[in-house]
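Reading through the structure tokens given below for one structure.
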Amino acid sequence: MKLDQDLSDLSPALVLDGAVALPAAPSADLLPEEIAAHAKQPTLMHDLVELSKLRLNFMVLVTTMVGYAMSNPVWSNWGLLLHTLIGTALTAAAASILNQYIEQPHDILMVRTKRRPLPAGRITPIAALSLGVVAGVVGLLELYFWVNPLTASIGAVTTAIYILVYTPLKRVTTLNTVVGAIPGALPPVMGVAAVSGEVTPIGWALFGILFFWQMPHFLAIAILYREDYARGGFKMLPVVDPELIATGRQMIFYALALIPVSMLPSVLRSTGPFYFIAALAMGLAFLGFVSVAAVTRRRGDARQVFLASILYLPCLLAAMIVDKL
């Protein structure tokens with residue numbers, strides 16, 4: 001799923017073009033997960049975690065749980081929640097595995113991805129394909145029989161868009177990010193559908209929040225790694241917009257749109273004034289970071305947007321749950 005798409009690309013490569021290199025000393029501006037990657041020697045378990053993006057798909061499960069909680073008058077039916085999370089986790093893992101299977105020839109060209117299990121040759125393509133298909137089928141069956149057909153259908157649509165539409169579009173058009181934000185915004189809708197058996201207004205509100213949040217988040221990442229994206233043949237907006245003018249405008253547009261969309265749960269009376277004020281304050285702060293990056297067009301300010309985005313979302317969701325409780 002799309003929420004975890006680019007975070008996994010932030011690990012540094014230990015292989016230089018054309019030669020194997022010893023791990024370099026971590027740079028002071030690396031992110032914590034990048035620094036940690038320098039000290040690790042890949043094991044089979046590590047490769048499976050990286051292939052399925054297990055740690056990064058945790059946020060997919062968090063947003064699913066938020067959808068579940070916002071549709072539940074009280075926390076009840078823990079078995080249903082467990083089956084929902086298991087099925088969602090399996091379909092998310094399947095999407096990540098199959099995405100890497102398809103993009104293996106391109107990942108090997110990029111510095112930050114050439115050490116992934118598939119391009120590095122530590123896991124064979126047929127093994128990855130088999131694992132991805134099995135995880136996807138089992139996950140959808142889990143959702144269909146133990147949750148409900150609607151949740152399974154949303155899971156199937158999410159995986160299909162991610163693999164069959166978004167993945168090939170990354171090498172065709174800059175609109176791939178917009179398309180990819182759709183499956184990234186659907187996990188909370190699955191949580192809503194699991195409880196309600198339908199997609200309610202709060203489900204669409206959560207979809208909107210995740211959709212508009214993803215755009216400045218991923219555009220910031222694309223700025224940070226646009227040389228690598230260009231090397232791999234991916235048509236991200238910052239790659240074809242060298243001056244970053246159009247990129248900055250889009251980041252501001254989506255950050256602006258996020259503010260009223262993030263307040264919809266209060267408009268729908270699913271949350272109260274505490275969340276409304278918190279959402280407004282966090283939205284304005286996030287817009288501030290985005291505006292600075294759009295004006296300066298500096299890589300360091302794009303990094304600040306990325307860091308602000310990964311702080312904004314869990315804080316917003318936490319405020320939502322606290323207000324509901």
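The chains in the structure tokens are called A, B, ... from first to last as shown; in each chain the residues are counted from 1, and the ligands are counted from 1 in the order shown.
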
Could you pull the residues within 12 Å of range 259-264 of chain A, counting only C-alpha atoms, minus those fewer than 2 positions along the same chain, as a PyMOL selection string?
chain A and resi 201-213+252-257+266-288+312-313+316-317+319-320

Give me the residues near Leu118 in chain A as a PyMOL selection string, where near means some atom within 10 Å (using only C-alpha atoms) and where sequence neighbours in that chain fewer than 5 positions away do not count.
chain A and resi 47+51+97+100-101+103-105+107-108+113+123-125+127-128

One decimal, in Å: what's the spacing between CA of Ala89 in chain A and CA of Pro314 in chain A?
18.4 Å

Residues near Ala93 in chain A, anyone? I mean within 12 Å using only C-alpha atoms, not counting same-chain ones fewer than 2 positions away, as a PyMOL selection string.
chain A and resi 1-5+48-58+60-61+85-91+95-100+128-129+131-140+155+159+162-163

Quick one, how far is CA of Arg297 in chain A from CA of Ser309 in chain A?
17.0 Å

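For Thr247 in chain A, the set of protein, DNA and RNA residues having any atom at most 8 Å away, when counting only C-alpha atoms and skipping those fewer than 3 positions along the same chain, is Leu219, Leu237, Pro238, Asp241, Leu244, Gln250, Met251 and Ala294 of chain A.
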
Write out as an MDAnalysis selection string all residues of range 56-269 of chain A that DSSP puts in helix (DSSP H, G or I) for this structure's backbone.
chainID A and resid 58:71 78:107 125:146 149:169 176:185 187:196 201:224 226:232 237:240 245:262 264:267

What's the 7 Å shell around Val195 in chain A, counting only C-alpha atoms, without same-chain residues fewer than 5 positions away, as a list of chain:residue names?
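Final neighbour list, sorted by chain and number: A:Tyr68, A:Ser71, A:Asn72.
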